[in-house]
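Next comes run-v1.tsv, a file with TSV, C-alpha atoms.
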```tsv
chain	number	residue	atom	x	y	z
A	1	MET	CA	5.64	103.15	168.57
A	2	LYS	CA	2.55	101.30	167.29
A	3	GLU	CA	1.54	99.82	163.93
A	4	LEU	CA	-1.92	99.24	162.55
A	5	ILE	CA	-2.56	95.51	162.17
A	6	ASP	CA	-6.01	95.67	160.66
A	7	ARG	CA	-9.37	97.38	160.77
A	8	VAL	CA	-11.87	95.28	162.73
A	9	PHE	CA	-15.15	96.26	164.39
A	10	LEU	CA	-17.05	96.34	167.64
A	11	LEU	CA	-20.78	96.17	168.29
A	12	ASN	CA	-22.25	99.35	169.74
A	13	ARG	CA	-24.81	98.00	172.19
A	14	ALA	CA	-26.77	101.28	172.21
A	15	THR	CA	-27.29	101.49	168.43
A	16	GLY	CA	-27.11	97.77	167.68
A	17	ARG	CA	-24.66	98.56	164.86
A	18	PHE	CA	-21.08	97.53	164.22
A	19	GLU	CA	-18.49	100.33	164.23
A	20	ASP	CA	-15.03	100.28	162.68
A	21	ALA	CA	-12.21	99.78	165.17
A	22	ASP	CA	-8.44	99.93	164.65
A	23	LEU	CA	-6.32	97.12	166.03
A	24	TYR	CA	-2.71	98.12	166.71
A	25	HIS	CA	0.44	96.25	167.62
A	26	GLY	CA	2.14	98.35	170.30
A	27	LEU	CA	0.84	101.32	172.25
A	28	ASP	CA	1.71	104.97	172.56
A	29	SER	CA	1.38	107.87	174.97
A	30	THR	CA	-2.16	108.59	173.73
A	31	ASN	CA	-3.31	105.17	174.92
A	32	LEU	CA	-1.59	105.71	178.27
A	33	ALA	CA	-3.29	109.10	178.56
A	34	HIS	CA	-6.68	107.46	177.88
A	35	ILE	CA	-6.10	104.85	180.59
A	36	GLU	CA	-4.96	107.46	183.08
A	37	GLY	CA	-7.41	110.21	182.18
A	38	ARG	CA	-10.54	108.28	181.13
A	39	TRP	CA	-10.38	104.74	182.51
A	40	ARG	CA	-8.96	105.47	185.94
A	41	PRO	CA	-11.50	108.14	187.02
A	42	LEU	CA	-14.38	105.81	186.11
A	43	PHE	CA	-12.84	102.95	188.10
A	44	GLU	CA	-12.48	105.28	191.08
A	45	LEU	CA	-16.03	106.61	190.74
A	46	ARG	CA	-17.44	103.08	190.54
A	47	ARG	CA	-15.42	102.02	193.53
A	48	ARG	CA	-16.84	104.88	195.60
A	49	GLU	CA	-20.39	104.09	194.43
A	50	ALA	CA	-19.98	100.42	195.30
A	51	LYS	CA	-18.79	101.29	198.78
A	52	ALA	CA	-21.69	103.70	199.28
A	53	SER	CA	-24.24	101.09	198.21
A	54	LEU	CA	-22.60	98.41	200.36
A	55	GLN	CA	-21.66	96.29	197.33
A	56	THR	CA	-18.39	94.47	197.71
A	57	LEU	CA	-15.63	95.58	195.37
A	58	ALA	CA	-15.52	92.02	194.05
A	59	GLU	CA	-19.13	92.33	192.94
A	60	VAL	CA	-18.24	95.10	190.51
A	61	ASN	CA	-14.78	93.71	189.69
A	62	ALA	CA	-13.13	96.77	191.20
A	63	GLU	CA	-10.69	95.01	193.48
A	64	ASP	CA	-7.29	96.63	193.53
A	65	ALA	CA	-5.26	94.13	195.51
A	66	HIS	CA	-4.38	92.05	192.47
A	67	TRP	CA	-3.31	95.14	190.57
A	68	GLU	CA	-0.93	96.14	193.36
A	69	TRP	CA	0.65	92.71	193.05
A	70	GLY	CA	0.45	92.93	189.28
A	71	LYS	CA	2.38	96.17	189.18
A	72	LYS	CA	5.24	94.49	190.96
A	73	ALA	CA	5.17	91.62	188.48
A	74	LEU	CA	5.24	94.04	185.55
A	75	VAL	CA	8.12	95.99	187.05
A	76	ALA	CA	10.07	92.74	187.26
A	77	LEU	CA	9.78	92.11	183.51
A	78	ASP	CA	13.09	92.94	181.95
A	79	ASP	CA	13.15	91.44	178.46
A	80	PRO	CA	11.18	93.63	176.01
A	81	PHE	CA	11.67	91.10	173.21
A	82	LEU	CA	9.34	88.72	174.98
A	83	PHE	CA	6.28	90.89	175.45
A	84	ASP	CA	3.87	92.58	173.04
A	85	PHE	CA	1.09	95.11	173.44
A	86	PHE	CA	-2.09	95.26	171.37
A	87	VAL	CA	-4.64	98.06	171.58
A	88	LEU	CA	-8.10	98.45	170.16
A	89	GLU	CA	-9.32	101.95	169.35
A	90	CYS	CA	-12.86	102.90	168.43
A	91	GLY	CA	-14.95	106.06	168.71
A	92	GLY	CA	-11.87	108.17	169.44
A	93	SER	CA	-10.85	106.25	172.53
A	94	THR	CA	-8.87	103.23	173.66
A	95	GLN	CA	-11.45	100.48	174.13
A	96	ALA	CA	-9.20	97.62	175.19
A	97	ILE	CA	-5.57	96.70	175.67
A	98	MET	CA	-3.80	93.34	175.83
A	99	MET	CA	-0.28	92.43	176.85
A	100	THR	CA	1.12	89.05	175.81
A	101	ARG	CA	4.33	87.19	176.55
A	102	LYS	CA	5.99	84.61	174.35
A	103	GLY	CA	8.69	83.36	176.67
A	104	GLY	CA	9.58	82.85	180.31
A	105	GLN	CA	7.39	81.95	183.26
A	106	ASP	CA	3.78	81.03	182.41
A	107	CYS	CA	4.58	80.39	178.73
A	108	PHE	CA	4.50	76.61	179.03
A	109	SER	CA	1.35	74.56	178.59
A	110	ARG	CA	-0.38	72.97	181.57
A	111	HIS	CA	-2.88	71.26	179.26
A	112	PRO	CA	-2.96	67.43	179.56
A	113	GLU	CA	-2.90	67.12	175.75
A	114	HIS	CA	0.55	68.71	175.45
A	115	GLN	CA	2.18	69.60	178.75
A	116	ARG	CA	5.25	71.89	178.74
A	117	VAL	CA	4.99	72.90	175.08
A	118	PRO	CA	5.34	76.68	174.54
A	119	LEU	CA	2.36	79.00	174.30
A	120	ILE	CA	1.46	82.67	174.24
A	121	TYR	CA	0.53	83.81	177.73
A	122	VAL	CA	-1.90	86.72	178.03
A	123	GLU	CA	-0.43	88.81	180.83
A	124	PHE	CA	-3.57	90.92	180.85
A	125	LEU	CA	-6.57	91.70	178.70
A	126	ALA	CA	-8.31	94.83	179.92
A	127	THR	CA	-11.36	96.52	178.48
A	128	ALA	CA	-12.38	100.13	179.11
A	129	PRO	CA	-14.59	100.37	182.21
A	130	TRP	CA	-17.54	101.69	180.13
A	131	ASN	CA	-17.56	98.40	178.19
A	132	ARG	CA	-17.87	96.12	181.23
A	133	PRO	CA	-21.31	94.70	182.01
A	134	LYS	CA	-20.30	94.01	185.60
A	135	LEU	CA	-19.06	97.53	186.20
A	136	VAL	CA	-21.60	99.79	184.47
A	137	ALA	CA	-25.35	99.50	183.95
A	138	GLU	CA	-25.26	100.28	180.23
A	139	PRO	CA	-21.99	99.09	178.73
A	140	ILE	CA	-21.15	100.52	175.30
A	141	TYR	CA	-19.03	98.33	173.03
A	142	LYS	CA	-19.16	94.54	172.80
A	143	GLY	CA	-16.56	92.34	171.10
A	144	ALA	CA	-13.22	93.64	172.37
A	145	GLY	CA	-12.46	90.35	174.15
A	146	ARG	CA	-13.25	88.31	171.02
A	147	VAL	CA	-10.99	90.52	168.87
A	148	LEU	CA	-8.08	90.39	171.29
A	149	VAL	CA	-8.29	86.66	171.99
A	150	GLY	CA	-8.37	86.13	168.20
A	151	THR	CA	-5.28	88.32	168.00
A	152	ALA	CA	-3.46	86.31	170.68
A	153	VAL	CA	-4.31	83.06	168.83
A	154	SER	CA	-3.06	84.64	165.58
A	155	LEU	CA	0.18	85.66	167.30
A	156	SER	CA	0.57	82.11	168.61
A	157	LEU	CA	0.19	80.75	165.06
A	158	GLU	CA	2.70	83.29	163.71
A	159	GLU	CA	5.17	82.24	166.42
A	160	GLU	CA	4.56	78.59	165.46
A	161	PHE	CA	2.98	77.78	168.85
A	162	GLY	CA	0.00	76.12	167.16
A	163	GLY	CA	-2.52	78.73	168.31
A	164	ARG	CA	-2.00	77.79	171.97
A	165	ILE	CA	-2.69	80.54	174.51
A	166	GLY	CA	-3.05	80.61	178.28
A	167	LEU	CA	-4.50	83.19	180.67
A	168	HIS	CA	-5.94	83.74	184.13
A	169	SER	CA	-9.56	84.87	183.97
A	170	LEU	CA	-10.75	87.62	186.28
A	171	PRO	CA	-13.85	86.79	188.33
A	172	GLY	CA	-16.95	87.15	186.18
A	173	ALA	CA	-15.16	86.45	182.90
A	174	GLU	CA	-14.84	82.68	183.31
A	175	VAL	CA	-18.01	82.01	181.34
A	176	PHE	CA	-16.58	83.98	178.40
A	177	TYR	CA	-13.36	81.95	178.25
A	178	ARG	CA	-14.95	78.58	178.96
A	179	ASP	CA	-18.18	78.77	176.97
A	180	ALA	CA	-17.64	81.41	174.28
A	181	ILE	CA	-13.96	80.85	173.48
A	182	GLY	CA	-13.87	77.13	174.31
A	183	MET	CA	-10.81	77.16	176.56
A	184	THR	CA	-10.10	74.42	179.09
A	185	ASP	CA	-10.52	75.37	182.76
A	186	LEU	CA	-7.44	74.03	184.55
A	187	GLY	CA	-8.43	75.26	188.00
A	188	ALA	CA	-7.51	78.12	190.32
A	189	ASP	CA	-3.90	78.92	191.20
A	190	SER	CA	-3.16	78.27	194.86
A	191	GLU	CA	-0.22	80.68	195.11
A	192	GLY	CA	1.61	83.49	193.35
A	193	VAL	CA	0.41	86.67	191.67
A	194	HIS	CA	-2.72	84.96	190.34
A	195	LYS	CA	-3.70	83.20	193.56
A	196	GLY	CA	-7.41	82.41	193.46
A	197	LEU	CA	-7.83	83.14	189.75
A	198	ARG	CA	-8.77	80.30	187.40
A	199	TYR	CA	-6.28	79.39	184.69
A	200	PHE	CA	-7.63	78.71	181.18
A	201	GLU	CA	-5.84	77.32	178.19
A	202	LEU	CA	-6.64	76.95	174.51
A	203	SER	CA	-4.97	73.79	173.23
A	204	SER	CA	-3.74	73.42	169.63
A	205	ARG	CA	-6.82	71.38	168.83
A	206	ASP	CA	-9.16	73.87	170.50
A	207	ALA	CA	-7.45	76.73	168.65
A	208	ALA	CA	-8.27	75.12	165.31
A	209	THR	CA	-11.89	74.72	166.42
A	210	PHE	CA	-11.96	78.30	167.76
A	211	LEU	CA	-10.99	79.71	164.35
A	212	SER	CA	-13.10	77.43	162.22
A	213	VAL	CA	-16.46	77.38	163.98
A	214	GLN	CA	-18.91	80.02	162.78
A	215	HIS	CA	-22.44	80.68	163.95
B	216	MET	CA	1.44	90.43	161.83
B	217	LYS	CA	-1.47	88.69	160.11
B	218	LEU	CA	-4.84	87.98	161.71
B	219	HIS	CA	-6.02	84.39	161.30
B	220	PHE	CA	-9.73	85.18	161.44
B	221	THR	CA	-12.14	86.76	158.98
B	222	ALA	CA	-14.57	89.64	159.28
B	223	ASP	CA	-17.54	87.25	158.92
B	224	TRP	CA	-16.23	85.02	161.69
B	225	LEU	CA	-15.77	88.02	163.97
B	226	ARG	CA	-19.18	89.51	163.22
B	227	SER	CA	-21.11	86.30	163.83
B	228	HIS	CA	-19.31	85.54	167.08
B	229	ILE	CA	-19.65	89.03	168.53
B	230	GLU	CA	-23.39	88.85	167.94
B	231	HIS	CA	-23.70	85.46	169.64
B	232	ASP	CA	-21.17	85.77	172.48
B	233	PRO	CA	-22.68	86.11	175.97
B	234	ASP	CA	-22.86	89.69	177.24
B	235	VAL	CA	-20.35	89.24	180.05
B	236	ASP	CA	-17.00	90.63	181.22
B	237	CYS	CA	-13.91	89.31	179.44
B	238	ASP	CA	-11.06	90.77	181.48
B	239	ALA	CA	-8.10	88.56	182.24
B	240	GLY	CA	-4.79	88.53	184.05
B	241	LEU	CA	-3.78	91.62	185.93
B	242	PRO	CA	-6.70	94.01	186.52
B	243	LEU	CA	-5.26	97.14	184.89
B	244	ARG	CA	-6.12	100.20	186.99
B	245	ASP	CA	-3.59	102.83	185.87
B	246	ALA	CA	-0.95	103.39	183.23
B	247	ALA	CA	2.13	103.80	185.43
B	248	PRO	CA	3.95	100.49	184.80
B	249	LEU	CA	2.97	100.45	181.13
B	250	GLY	CA	4.96	103.62	180.47
B	251	ARG	CA	8.13	101.94	181.63
B	252	LEU	CA	7.46	98.80	179.59
B	253	MET	CA	6.63	100.89	176.52
B	254	GLN	CA	9.89	102.76	176.99
B	255	GLU	CA	11.83	99.49	177.31
B	256	LYS	CA	10.19	98.11	174.21
B	257	SER	CA	10.79	101.16	172.04
B	258	ARG	CA	14.34	101.50	173.29
B	259	HIS	CA	15.14	97.95	172.23
B	260	GLN	CA	13.32	98.27	168.93
B	261	ALA	CA	15.15	101.50	168.09
B	262	THR	CA	18.65	100.40	169.03
B	263	ALA	CA	18.58	96.60	168.72
B	264	GLY	CA	19.59	96.10	172.33
B	265	GLN	CA	21.81	99.14	172.75
B	266	PRO	CA	20.74	101.29	175.72
B	267	SER	CA	19.84	104.83	174.71
B	268	ALA	CA	22.09	107.40	176.36
B	269	ALA	CA	19.62	110.13	175.35
B	270	SER	CA	16.74	108.42	177.18
B	271	GLU	CA	18.80	107.94	180.30
B	272	GLN	CA	19.88	111.56	180.21
B	273	LYS	CA	16.24	112.70	179.96
B	274	SER	CA	15.26	110.64	183.01
B	275	VAL	CA	18.07	112.08	185.07
B	276	VAL	CA	16.95	115.60	184.16
B	277	LEU	CA	13.34	114.95	185.19
B	278	PHE	CA	14.32	113.47	188.50
B	279	LYS	CA	16.67	116.36	189.14
B	280	LEU	CA	14.07	118.93	188.13
B	281	VAL	CA	11.60	117.60	190.72
B	282	HIS	CA	14.30	117.53	193.37
B	283	GLN	CA	15.41	121.13	192.71
B	284	LEU	CA	11.82	122.36	192.60
B	285	ARG	CA	11.23	120.92	196.04
B	286	ARG	CA	14.33	122.61	197.34
B	287	LYS	CA	13.32	125.92	195.79
B	288	HIS	CA	9.91	125.83	197.46
B	289	GLY	CA	11.09	124.14	200.66
B	290	LEU	CA	8.70	121.22	200.27
B	291	SER	CA	9.01	117.59	201.30
B	292	ILE	CA	7.96	114.89	198.82
B	293	ALA	CA	4.68	114.44	200.70
B	294	GLN	CA	4.03	118.20	200.72
B	295	LEU	CA	4.70	118.58	197.00
B	296	ALA	CA	2.56	115.50	196.26
B	297	ALA	CA	-0.31	116.97	198.26
B	298	LYS	CA	0.12	120.37	196.60
B	299	ILE	CA	-0.09	118.97	193.08
B	300	ARG	CA	-2.54	116.18	194.03
B	301	VAL	CA	-0.49	113.16	192.97
B	302	ASP	CA	0.54	109.98	194.73
B	303	ALA	CA	3.53	110.68	197.00
B	304	ALA	CA	4.90	107.19	196.29
B	305	GLU	CA	5.03	107.97	192.58
B	306	LEU	CA	6.74	111.30	193.16
B	307	GLU	CA	9.27	109.53	195.33
B	308	LYS	CA	9.96	107.07	192.52
B	309	VAL	CA	10.51	109.95	190.08
B	310	GLU	CA	13.14	111.37	192.41
B	311	LYS	CA	14.81	108.15	193.43
B	312	ASP	CA	14.73	106.08	190.27
B	313	PRO	CA	16.12	107.82	187.19
B	314	CYS	CA	14.60	105.10	184.98
B	315	TYR	CA	11.07	105.56	186.32
B	316	VAL	CA	8.54	106.99	183.87
B	317	PRO	CA	5.69	108.79	185.67
B	318	GLY	CA	2.10	108.44	184.51
B	319	PRO	CA	0.50	111.06	182.27
B	320	ARG	CA	-1.48	112.61	185.14
B	321	THR	CA	1.65	113.15	187.21
B	322	VAL	CA	3.38	114.69	184.20
B	323	HIS	CA	0.40	117.00	183.71
B	324	GLN	CA	0.25	118.04	187.37
B	325	LEU	CA	4.00	118.67	187.52
B	326	ALA	CA	3.80	120.78	184.37
B	327	GLU	CA	0.97	122.81	185.82
B	328	PHE	CA	2.96	123.43	189.01
B	329	ILE	CA	6.03	124.56	187.07
B	330	GLY	CA	3.91	126.64	184.71
B	331	VAL	CA	4.98	124.93	181.50
B	332	SER	CA	3.22	122.65	179.02
B	333	ALA	CA	2.72	118.96	179.80
B	334	ARG	CA	4.34	118.28	176.44
B	335	ALA	CA	7.55	119.94	177.63
B	336	VAL	CA	7.72	117.82	180.78
B	337	GLU	CA	6.78	114.71	178.83
B	338	GLN	CA	9.83	115.30	176.66
B	339	LEU	CA	11.97	114.88	179.78
B	340	THR	CA	10.73	111.34	180.37
B	341	ALA	CA	12.65	108.43	178.97
B	342	ALA	CA	9.47	107.26	177.24
B	343	SER	CA	9.53	110.30	174.97
B	344	SER	CA	10.94	109.87	171.49
B	345	ALA	CA	10.76	113.62	170.79
B	346	GLN	CA	14.03	115.34	170.03
B	347	ASN	CA	14.56	119.05	170.67
B	348	ASP	CA	18.14	120.31	170.32
B	349	ASN	CA	17.54	123.43	172.42
B	350	LEU	CA	16.02	121.37	175.23
B	351	THR	CA	18.73	118.70	175.01
B	352	GLU	CA	21.48	121.29	175.40
B	353	ALA	CA	19.69	122.99	178.32
B	354	ALA	CA	19.03	119.61	179.93
B	355	HIS	CA	22.71	118.70	179.75
B	356	ARG	CA	23.66	121.96	181.47
B	357	PHE	CA	20.97	121.50	184.11
B	358	ALA	CA	21.88	117.85	184.82
B	359	ALA	CA	25.50	118.84	185.36
B	360	SER	CA	24.69	121.41	188.05
B	361	SER	CA	24.93	120.76	191.80
B	362	ASP	CA	22.28	118.72	193.63
B	363	ASP	CA	22.98	118.87	197.35
B	364	LEU	CA	20.08	118.87	199.81
B	365	SER	CA	20.53	122.37	201.26
B	366	LYS	CA	18.63	125.46	200.22
B	367	LEU	CA	19.22	126.47	196.59
B	368	SER	CA	22.23	128.68	196.07
B	369	GLN	CA	21.94	131.74	193.86
B	370	ALA	CA	23.68	129.88	191.01
B	371	GLU	CA	21.42	126.83	191.38
B	372	ARG	CA	18.35	129.05	191.44
B	373	ARG	CA	19.56	130.71	188.22
B	374	ASP	CA	20.21	127.29	186.59
B	375	LEU	CA	16.74	126.12	187.57
B	376	ASN	CA	15.05	129.30	186.35
B	377	ASP	CA	16.96	129.18	183.05
B	378	PHE	CA	15.92	125.58	182.52
B	379	VAL	CA	12.27	126.31	183.30
B	380	LYS	CA	12.40	129.14	180.73
B	381	VAL	CA	13.57	126.66	178.08
B	382	LEU	CA	10.75	124.29	179.07
B	383	ALA	CA	8.23	127.11	178.93
B	384	SER	CA	9.25	127.93	175.38
B	385	ILE	CA	8.28	124.45	174.18
B	386	ASP	CA	4.95	124.22	172.45
B	387	LYS	CA	2.94	125.54	175.40
B	388	LYS	CA	-0.27	125.80	173.47
B	389	ASN	CA	-0.16	122.10	172.59
B	390	GLY	CA	0.57	120.91	176.12
```
Could I get this file's structure written as C-alpha cells?
Amino acid sequence: MKELIDRVFLLNRATGRFEDADLYHGLDSTNLAHIEGRWRPLFELRRREAKASLQTLAEVNAEDAHWEWGKKALVALDDPFLFDFFVLECGGSTQAIMMTRKGGQDCFSRHPEHQRVPLIYVEFLATAPWNRPKLVAEPIYKGAGRVLVGTAVSLSLEEEFGGRIGLHSLPGAEVFYRDAIGMTDLGADSEGVHKGLRYFELSSRDAATFLSVQH
Amino acid sequence: MKLHFTADWLRSHIEHDPDVDCDAGLPLRDAAPLGRLMQEKSRHQATAGQPSAASEQKSVVLFKLVHQLRRKHGLSIAQLAAKIRVDAAELEKVEKDPCYVPGPRTVHQLAEFIGVSARAVEQLTAASSAQNDNLTEAAHRFAASSDDLSKLSQAERRDLNDFVKVLASIDKKNG
C-alpha cells in the first residue's frame, strides 16, 4: 500500500529540535483514519471558534467551499497510473499529505519560458491542522511543505520533466511558494475548480536553483 | 523513488523558511474521496489493470448489509444516519454506489451499530486488502440473498443474522 522513500525530519517548534520523520510513497488506512479522526475534528472545532469570535472562515483558512468542489474533481479522476500520494509521518501521526498528477489536465506548463511542456501538478498539499500557523496559535511541526515540495521536484526529475511542478496556492501560503520556494506567480484562475486561487510554477531553471541554493 | 535533495539542504531551509502556511490545491477536509482513490491505485498496482472481482464483491456486500439493516430496523437513510451520527449523503452513497468506499468514521459508526468490530466492517470495503476465507464465503451467500424493499422475511432475517455472526467473530478486540 505504501513504501518508505526516506527518513527526513521536521522542526518541532516547541522544543526547537529536529525530529525524524518518515516520508512514504502511497498511503494506507492508518493515514485515512488520522485525517478522519484527528484532522477533521480540529478543523471543525476551529471553524466553530472562528464563527463564535466573528472571524471569517477565510481568515483561518477553514473555508469548505473549495473542498466541496475538490471532492467532485477527485471523484472524476479515473486513471490511477497518473496520480501518486506521498505522506509524511512524525510523532506517531500523519503530519502532511500530498497528491500529485503526472498527466492530463493541469500537467502542462503555463510558464513563459517553456509553455505546454509537461510537469508534475500538485493536486493538493495538506498539512495537519496543528501545524498551520494560520489555524492554531501554537503550531507544532515546521518543514512539511519544504519536504513535500522537494519530493514533487524529485518526482518531476525522475519522470524526466526537468523538476518542473505547478500548483494552486491556498490563501496565506502564497508567500511560501513565491519567496521561500522561488516559484513564479502566474496569477489567479478566473474559472474552474481553482477559481480565485493563484497558480504558481517552478520552471526547469528555477528547479535547479531550488535544489542547489543553501543557506 | 530517489530524493534529489540532501539532509543539510533540508535542515538549513527549514530553519530559514518563513513561518507561514504552505497548503496548496484542494483544501483537504476529510478522507472520503481518498479512500476511493487509494482503492483504485492499489487495485491497478495489484492486478496491472485487471479489475478485482473480490473487491467488487466486497463493496456489493457492504452496500447490501446497510440496506438490509435499515429494513430490519424500519429506518430511512436519514433516520439511520441520525441514529449513528454520520452524514446521510455518505450513507446514501454506500447504498447506491457499490464502488463507494466510506470514510473510517462511517465504518466505525456502522460497526458500533451492528455490534461488530470496525475491522470486520472495514474488510467489507473494496479498499481492504484483507482476505478472510470464512468471511468471503459468508459474504457470497449474503450477497446472493433477496434484496426487495419490503419488510425482511424470516429467511432474510436469518441470512442477515448469520452474516452478522460471522462479522462478529472477526477480530473484535482489534476493531
Inset, instruction - Rounded to one decimal place, report the CA of Ala383 (chain B)-CA of Arg40 (chain A) distance in Å. - result: 28.5 Å
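Between CA of Asp179 (chain A) and CA of Asp206 (chain A) the interatomic distance comes to 12.1 Å.
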Inset, instruction - Go ahead and compute the interatomic distance for CA of Phe43 (chain A) and CA of Pro129 (chain A), in Å to one decimal. - result: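 These two atoms are separated by 6.7 Å.
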Just need the residues of chain B within 6 Å of chain A, counting all atoms listed in the file, so spit them out as an mmCIF file with C-alpha atoms, in the coordinates of the input.
```
data_model
loop_
_atom_site.group_PDB
_atom_site.id
_atom_site.type_symbol
_atom_site.label_atom_id
_atom_site.label_comp_id
_atom_site.auth_asym_id
_atom_site.auth_seq_id
_atom_site.Cartn_x
_atom_site.Cartn_y
_atom_site.Cartn_z
ATOM 1 C CA LEU B 218 -4.840 87.980 161.710
ATOM 2 C CA HIS B 219 -6.020 84.390 161.300
ATOM 3 C CA TRP B 224 -16.230 85.020 161.690
ATOM 4 C CA SER B 227 -21.110 86.300 163.830
ATOM 5 C CA ILE B 229 -19.650 89.030 168.530
ATOM 6 C CA ASP B 232 -21.170 85.770 172.480
ATOM 7 C CA VAL B 235 -20.350 89.240 180.050
ATOM 8 C CA ASP B 236 -17.000 90.630 181.220
ATOM 9 C CA CYS B 237 -13.910 89.310 179.440
ATOM 10 C CA ASP B 238 -11.060 90.770 181.480
ATOM 11 C CA ALA B 239 -8.100 88.560 182.240
ATOM 12 C CA GLY B 240 -4.790 88.530 184.050
ATOM 13 C CA LEU B 241 -3.780 91.620 185.930
ATOM 14 C CA PRO B 242 -6.700 94.010 186.520
ATOM 15 C CA ASP B 245 -3.590 102.830 185.870
ATOM 16 C CA ALA B 246 -0.950 103.390 183.230
ATOM 17 C CA LYS B 256 10.190 98.110 174.210
ATOM 18 C CA PRO B 319 0.500 111.060 182.270
#
```
Show me, as JSON, the centre and edge lengths in Å to one decimal of the axis-aligned box that covers every listed atom of region 111-123 of chain A with 6 Å on each side.
```
{"center_x": 1.2, "center_y": 78.0, "center_z": 177.5, "size_x": 20.3, "size_y": 33.7, "size_z": 18.6}
```
